[in-house]
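Colleague: My structure is below; once you've seen it, I'll send some questions.
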Amino acid sequence: MKEKPSTSAAKTTVPAGATVFRIPAMDCAVEESDIRRALDKVVGIKSLNFQLGARTVAINAPAEVIPLAVKAIQSAGYEPVPVSAPRSGAGLAATHTAEDGHHGHDHAGHDHDHDHGHAHVEQSSSVIRLGAALALAIGAETLHFFASDVPAMKYVGLGMAAIAIWLSGVETYSKGIKALSRGRLNINALMSVAVTGAFVIGQWPEAAMVMALYAIAELIEARAADRARNAIKGLVALAPEGADVQQADRSWKTVPSAGVVLDAIVRIRPGERVPLDGVVTEGRSAVNQAPVTGESLPVDRSVGDTVYAGTINETGELQFRVTGIASNTTLARIIHAVEEAQGTRAPTQRFVDRFAAIYTPSVFVLALAVALLMPWLTDATWLEAIYKALVLLVVACPCALVISTPVTIVSALAAGARRGILIKGGTYLEEARNLKAIALDKTGTITEGKPKLVDWMVLRPDADKEQVGRIATSLAERSDHPVSKAIAQGLGSPAARAEADTVEGFIALPGRGTQGTVGGRDHALGNHRLMQERNHSNAEIAAQLAAHEQQGRTVTLLADDRGVIALFAVADTIKESSRHAIAELKALGVTPVMLTGDNTATAKTIAAEAGIDESQGNLLPEDKLAEIKALQKRFGATAMTGDGINDAPALAQSDIGFAMGAMGTDIAMEAADVVVMNDDLRRIPETIRLSRKTHAVLVQNISLALGIKAVVMVLALVGTAAMWMAVFADMGATLLVVANGLRLMRVRTTADRA
């Protein structure tokens, strides 16, 4: 069983009282580790929540501790900018949304435009500054090569090199000196020592070139990494900032989406994007839901159907009643969940961070040994030994290694989200490749989840059929189970259901049915198990049940304190996509097993139609939980897929829980680790393939980063590697692993194979 503590990394949110800061210079996991270590020394901090994508950290601490935390961050060489005052417990997505100006108040969007313009100007100035530094460094190299014997030219070259180092290395030196003062050997400290050492021993042209190349590569790397970290931001722009809302006088007015209240009526014309979640009240149209659910074809939407923010209305005008405010739409929750997932640390990333913490000091010690011992043990001069040591310092930079994992994981998470697969953390993304078995709920997962009442009969001769139907409707109407809904809809019109009898003491019995008092008498509407518990079963009823179940029908019985009154037969149909999904799972070496609360005969019939060889019926929530444990013992890593409250315990017990997002309950989606937004089972094998592809890229990136470093390290020790070669190797490896990780964002079709 997987561990799911209350402070689960997969579901982290900014706690009440936390203060959020934006740290512009926090580009990758290396800087996050620096800040985390600095804050570890501050007494009184309860928790930290880092979001590299938004470059924010939420500090949960008393008000008097926050200034101390700010000083600690500043002492580490970073400048925190307040984003929010202590928060009331909203997720970081709200912070990010307000910061970016989407779904926020007008001034939030204004601030975003200002920040975006400022960032653009800042990037442009950086390009000019680094271009000048590179030109000066090339000039210094040229003078050193052609006029090293001319004293005047030597001093001119020295000055050019010093200016180049100053233009390109101010920030590096600032961070490096602060890191060294704290005894930390980060990338900035290593580069500061290496460049200073090269300058001191007379290799000032190379020192200038190294610093300029390093700074330029850092800028390119940051921009490339941003593509992955900010990939999900494209979703934010999907929902329009304005909505056409009906006013009290029935006129229409365009207002900011953030200001639209629940139950407001919104109008969308053909070609417009849906601004908020809602239920259609008027009109009929085809809606392209691909941005949210990943469905390739538009779906028909008419009165009573749900529409999602960010989807595209294609053919007709629709009016809908708002069911989710801007900060709580399905799209907003997707963005929030992916941002939270980006903030978690996958197993491979944790391993890489631990390795880097050992690797860098080890290479630093090796460099020190080379500088101090090589002149004594070999014919090398002191200057040659020191130069080799400085090359090793550049090799010791762990940047390519450290950044290889988060870029890859975030790219894969974004690719999944675009396909309607919401993965709640890198841990589950990595673990999916190891699945050996998957348990599948029947109703709403394998089947359409929209069963229809196909037959019903009164079994008690003296009972009035109309009154029986009204009692059954009363109980069924109050349940959210698909079978109960089918019974309620099949027994009468919406108007008739609205006039159903009052139910007192209504109780939902997970895995059994419902019960309550109607007309002063206790009634129960449920499956055969519930009737057996109430001692209402007999041979005649069992025979009638068997006849219906052989046809793949689900039978529900209505009973009072005297016994069974009526029988209701409901039938569901298998999703066409389910058969394809089962075949794909088998091809991937994953064994599918169906677990359902329905009767055994129906379970076997549906399982056979879907291509599933093993099924279990008549299962209560605790039985499903026990079955998951048995599958884990028998196969190993086991997933569970479901959509109901009764699936939640099994979802929590499984190694990975998949919830059906469109029809699933909030409890099931909260307990799950992966949410399939369009209820298409084919997304599950797709997740497994994405996991395997991600693992392959992670292995490639780690091998590439370590392999290049190993080659340069050997060349440095034998004296054939120059310092600029080490910089090119390190930054080149960084850019290669980033580019390789970004490839995952192009994963689009279910035909992809890992």
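To be explicit about the labels: the chains of the structure tokens are called A, B, and onward in the order shown, and within each one the residues are counted from 1, while ligands get numbers from 1 in the order they are shown.
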I'd like the neighbourhood of Val83 of chain A as a list in words, where a residue qualifies if any of its atoms comes within 7 Å (using only C-alpha atoms), though same-chain residues fewer than 2 positions away should be ignored.

Modeller: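 Here the answer would be Val20, Phe21, Arg22 and Val81 of chain A.
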
Colleague: Output as a PyMOL selection string all residues of segment 511-675 of chain A that backbone DSSP marks as strand (DSSP E).

Modeller: chain A and resi 513-518+521-526+554-560+563-571+591-595+614-616+638-642+656-660+674-675

Colleague: Just give me the gap between atom CA of Arg273 of chain A and atom CA of Ser257 of chain A in Å, one decimal is fine.

Modeller: 12.0 Å

Colleague: In Å to one decimal, how far is atom CA of Thr360 of chain A from atom CA of Lys693 of chain A?

Modeller: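 Computing the Euclidean distance for atom CA of Lys693 of chain A and atom CA of Thr360 of chain A yields 29.0 Å.
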
Colleague: Neighbouring residues of Val322 of chain A were defined as those with any atom within 7 Å, considering only C-alpha atoms; residues of the same chain fewer than 3 positions away were excluded. Please report them as number ranges by chain.

Modeller: A: 262-265, 276-279

Colleague: Counting only C-alpha atoms, which residues in segment 511-584 of chain A sit no more than 8 Å from segment 455-479 of chain A? For each one, give the nearest pair of atoms and the distance in Å, sorted by chain then residue number, as JSON lines.

Modeller:
{"residue": "A:Thr514", "atom": "CA", "partner": "A:Leu475", "partner_atom": "CA", "distance": 6.8}
{"residue": "A:Gln515", "atom": "CA", "partner": "A:Leu475", "partner_atom": "CA", "distance": 7.0}
{"residue": "A:Gly516", "atom": "CA", "partner": "A:Leu475", "partner_atom": "CA", "distance": 7.2}
{"residue": "A:Val518", "atom": "CA", "partner": "A:Ile471", "partner_atom": "CA", "distance": 6.8}
{"residue": "A:Ala524", "atom": "CA", "partner": "A:Leu475", "partner_atom": "CA", "distance": 7.9}
{"residue": "A:Leu525", "atom": "CA", "partner": "A:Leu475", "partner_atom": "CA", "distance": 6.8}
{"residue": "A:Leu558", "atom": "CA", "partner": "A:Ala472", "partner_atom": "CA", "distance": 6.7}
{"residue": "A:Val564", "atom": "CA", "partner": "A:Leu459", "partner_atom": "CA", "distance": 7.1}
{"residue": "A:Ile565", "atom": "CA", "partner": "A:Arg460", "partner_atom": "CA", "distance": 5.2}
{"residue": "A:Ala566", "atom": "CA", "partner": "A:Val458", "partner_atom": "CA", "distance": 4.2}
{"residue": "A:Leu567", "atom": "CA", "partner": "A:Met457", "partner_atom": "CA", "distance": 5.4}
{"residue": "A:Phe568", "atom": "CA", "partner": "A:Trp456", "partner_atom": "CA", "distance": 4.3}
{"residue": "A:Ala569", "atom": "CA", "partner": "A:Asp455", "partner_atom": "CA", "distance": 5.1}
{"residue": "A:Val570", "atom": "CA", "partner": "A:Asp455", "partner_atom": "CA", "distance": 7.1}

Colleague: If we count only C-alpha atoms and set the cut-off at 7 Å, which residues sit around Lys624 of chain A, ignoring sequence neighbours fewer than 5 positions away in its own chain? Please answer as a compact mmCIF listing (two decimals) with N, CA and C atoms, in the first residue's frame.

Modeller:
# COMPACT_ATOMS: atom_id res chain seq x y z
N LEU A 595 -13.95 -5.57 -10.49
CA LEU A 595 -14.51 -5.65 -9.15
C LEU A 595 -15.79 -4.81 -9.12
N LEU A 619 -19.52 -7.24 -4.19
CA LEU A 619 -18.47 -6.73 -3.30
C LEU A 619 -18.90 -5.43 -2.62
N ALA A 650 -10.66 1.41 -1.82
CA ALA A 650 -9.80 0.63 -2.72
C ALA A 650 -8.83 1.54 -3.48

Colleague: Which of these, A:Gln551, A:Val410, A:Lys633, A:Gly324, has the shortest distance to Lys424 of chain A once you count only C-alpha atoms?

Modeller: A:Val410

Colleague: Write out as number ranges by chain which residues come within 6 Å of segment 346-356 of chain A when counting only C-alpha atoms, dropping same-chain ones fewer than 6 positions away.

Modeller: A: 405, 426-427

Colleague: Go through A:Glu282, A:Glu317, A:Asp643, A:Glu206 one by one, measure the shortest atom-to-atom distance of each to Phe145 of chain A using only C-alpha atoms, and give the residue with the smallest value.

Modeller: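 Of all the options, A:Glu206 lies closest to Phe145 of chain A.
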
Colleague: Which residues are close to Ile612 of chain A, i.e. within 12 Å by only C-alpha atoms, leaving aside same-chain residues fewer than 5 positions away? Reply as a list in words.

Modeller: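 That gives Ala437, Ile438, Ala439, Leu440, Asp441, Lys442, Ile446, Ser578, Arg579, His580, Ala581, Ile582, Ala583, Glu584, Leu585, Lys586, Val590, Thr591, Pro592, Val593, Met594, Leu595, Ala603, Lys604, Thr605, Ile606 and Ala607 of chain A.
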
Colleague: Produce a file of the selected residues containing N, CA, C and O atoms, as an mmCIF file, in the first residue's frame.

Modeller:
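What landed in out.cif:
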data_model
loop_
_atom_site.group_PDB
_atom_site.id
_atom_site.type_symbol
_atom_site.label_atom_id
_atom_site.label_comp_id
_atom_site.auth_asym_id
_atom_site.auth_seq_id
_atom_site.Cartn_x
_atom_site.Cartn_y
_atom_site.Cartn_z
ATOM 1 N N ALA A 437 -1.088 -5.312 -12.429
ATOM 2 C CA ALA A 437 -2.516 -5.634 -12.447
ATOM 3 C C ALA A 437 -3.311 -4.357 -12.230
ATOM 4 O O ALA A 437 -2.812 -3.403 -11.625
ATOM 5 N N ILE A 438 -4.540 -4.352 -12.729
ATOM 6 C CA ILE A 438 -5.411 -3.194 -12.515
ATOM 7 C C ILE A 438 -6.832 -3.678 -12.264
ATOM 8 O O ILE A 438 -7.371 -4.496 -13.026
ATOM 9 N N ALA A 439 -7.406 -3.222 -11.155
ATOM 10 C CA ALA A 439 -8.786 -3.553 -10.811
ATOM 11 C C ALA A 439 -9.692 -2.467 -11.367
ATOM 12 O O ALA A 439 -9.403 -1.277 -11.241
ATOM 13 N N LEU A 440 -10.796 -2.887 -11.986
ATOM 14 C CA LEU A 440 -11.695 -1.947 -12.642
ATOM 15 C C LEU A 440 -13.098 -2.079 -12.070
ATOM 16 O O LEU A 440 -13.648 -3.190 -11.993
ATOM 17 N N ASP A 441 -13.675 -0.962 -11.655
ATOM 18 C CA ASP A 441 -15.075 -0.950 -11.267
ATOM 19 C C ASP A 441 -15.912 -1.117 -12.535
ATOM 20 O O ASP A 441 -15.450 -0.821 -13.641
ATOM 21 N N LYS A 442 -17.144 -1.581 -12.399
ATOM 22 C CA LYS A 442 -17.984 -1.815 -13.587
ATOM 23 C C LYS A 442 -18.751 -0.565 -14.007
ATOM 24 O O LYS A 442 -18.510 0.012 -15.057
ATOM 25 N N ILE A 446 -16.207 0.682 -16.796
ATOM 26 C CA ILE A 446 -16.217 -0.178 -17.980
ATOM 27 C C ILE A 446 -17.470 0.099 -18.813
ATOM 28 O O ILE A 446 -17.427 0.148 -20.037
ATOM 29 N N SER A 578 -13.819 0.813 -23.852
ATOM 30 C CA SER A 578 -13.376 -0.112 -22.800
ATOM 31 C C SER A 578 -12.745 -1.359 -23.391
ATOM 32 O O SER A 578 -11.734 -1.867 -22.890
ATOM 33 N N ARG A 579 -13.350 -1.885 -24.465
ATOM 34 C CA ARG A 579 -12.790 -3.096 -25.095
ATOM 35 C C ARG A 579 -11.376 -2.826 -25.613
ATOM 36 O O ARG A 579 -10.473 -3.645 -25.440
ATOM 37 N N HIS A 580 -11.192 -1.674 -26.255
ATOM 38 C CA HIS A 580 -9.852 -1.310 -26.762
ATOM 39 C C HIS A 580 -8.871 -1.148 -25.597
ATOM 40 O O HIS A 580 -7.713 -1.574 -25.688
ATOM 41 N N ALA A 581 -9.343 -0.515 -24.514
ATOM 42 C CA ALA A 581 -8.463 -0.274 -23.362
ATOM 43 C C ALA A 581 -8.005 -1.582 -22.734
ATOM 44 O O ALA A 581 -6.828 -1.734 -22.379
ATOM 45 N N ILE A 582 -8.935 -2.533 -22.596
ATOM 46 C CA ILE A 582 -8.584 -3.834 -22.005
ATOM 47 C C ILE A 582 -7.552 -4.545 -22.869
ATOM 48 O O ILE A 582 -6.572 -5.118 -22.370
ATOM 49 N N ALA A 583 -7.756 -4.493 -24.186
ATOM 50 C CA ALA A 583 -6.796 -5.133 -25.102
ATOM 51 C C ALA A 583 -5.424 -4.475 -24.989
ATOM 52 O O ALA A 583 -4.386 -5.163 -24.987
ATOM 53 N N GLU A 584 -5.395 -3.149 -24.870
ATOM 54 C CA GLU A 584 -4.121 -2.437 -24.745
ATOM 55 C C GLU A 584 -3.430 -2.780 -23.432
ATOM 56 O O GLU A 584 -2.202 -2.941 -23.392
ATOM 57 N N LEU A 585 -4.205 -2.874 -22.355
ATOM 58 C CA LEU A 585 -3.616 -3.219 -21.058
ATOM 59 C C LEU A 585 -2.969 -4.604 -21.114
ATOM 60 O O LEU A 585 -1.855 -4.809 -20.607
ATOM 61 N N LYS A 586 -3.660 -5.559 -21.724
ATOM 62 C CA LYS A 586 -3.100 -6.907 -21.848
ATOM 63 C C LYS A 586 -1.816 -6.884 -22.679
ATOM 64 O O LYS A 586 -0.845 -7.581 -22.352
ATOM 65 N N VAL A 590 -0.300 -5.954 -18.417
ATOM 66 C CA VAL A 590 -1.043 -5.634 -17.201
ATOM 67 C C VAL A 590 -2.316 -6.472 -17.187
ATOM 68 O O VAL A 590 -3.074 -6.492 -18.164
ATOM 69 N N THR A 591 -2.589 -7.166 -16.085
ATOM 70 C CA THR A 591 -3.758 -8.033 -15.960
ATOM 71 C C THR A 591 -4.966 -7.254 -15.460
ATOM 72 O O THR A 591 -4.940 -6.715 -14.351
ATOM 73 N N PRO A 592 -6.056 -7.171 -16.262
ATOM 74 C CA PRO A 592 -7.251 -6.469 -15.796
ATOM 75 C C PRO A 592 -8.179 -7.403 -15.006
ATOM 76 O O PRO A 592 -8.381 -8.559 -15.379
ATOM 77 N N VAL A 593 -8.728 -6.886 -13.917
ATOM 78 C CA VAL A 593 -9.676 -7.631 -13.090
ATOM 79 C C VAL A 593 -10.849 -6.713 -12.788
ATOM 80 O O VAL A 593 -10.650 -5.557 -12.406
ATOM 81 N N MET A 594 -12.083 -7.207 -12.949
ATOM 82 C CA MET A 594 -13.252 -6.373 -12.670
ATOM 83 C C MET A 594 -13.773 -6.642 -11.270
ATOM 84 O O MET A 594 -14.002 -7.792 -10.890
ATOM 85 N N LEU A 595 -13.954 -5.574 -10.491
ATOM 86 C CA LEU A 595 -14.512 -5.652 -9.146
ATOM 87 C C LEU A 595 -15.785 -4.815 -9.117
ATOM 88 O O LEU A 595 -15.757 -3.641 -9.475
ATOM 89 N N ALA A 603 -21.719 -9.532 -13.402
ATOM 90 C CA ALA A 603 -20.285 -9.227 -13.456
ATOM 91 C C ALA A 603 -19.590 -10.088 -14.503
ATOM 92 O O ALA A 603 -18.793 -9.593 -15.314
ATOM 93 N N LYS A 604 -19.910 -11.391 -14.522
ATOM 94 C CA LYS A 604 -19.270 -12.295 -15.477
ATOM 95 C C LYS A 604 -19.678 -11.966 -16.917
ATOM 96 O O LYS A 604 -18.858 -12.007 -17.837
ATOM 97 N N THR A 605 -20.956 -11.606 -17.098
ATOM 98 C CA THR A 605 -21.446 -11.273 -18.441
ATOM 99 C C THR A 605 -20.747 -10.036 -18.987
ATOM 100 O O THR A 605 -20.256 -10.024 -20.125
ATOM 101 N N ILE A 606 -20.705 -8.969 -18.168
ATOM 102 C CA ILE A 606 -20.075 -7.715 -18.599
ATOM 103 C C ILE A 606 -18.575 -7.912 -18.818
ATOM 104 O O ILE A 606 -17.993 -7.404 -19.784
ATOM 105 N N ALA A 607 -17.927 -8.665 -17.901
ATOM 106 C CA ALA A 607 -16.483 -8.906 -18.012
ATOM 107 C C ALA A 607 -16.152 -9.641 -19.310
ATOM 108 O O ALA A 607 -15.198 -9.297 -20.017
#
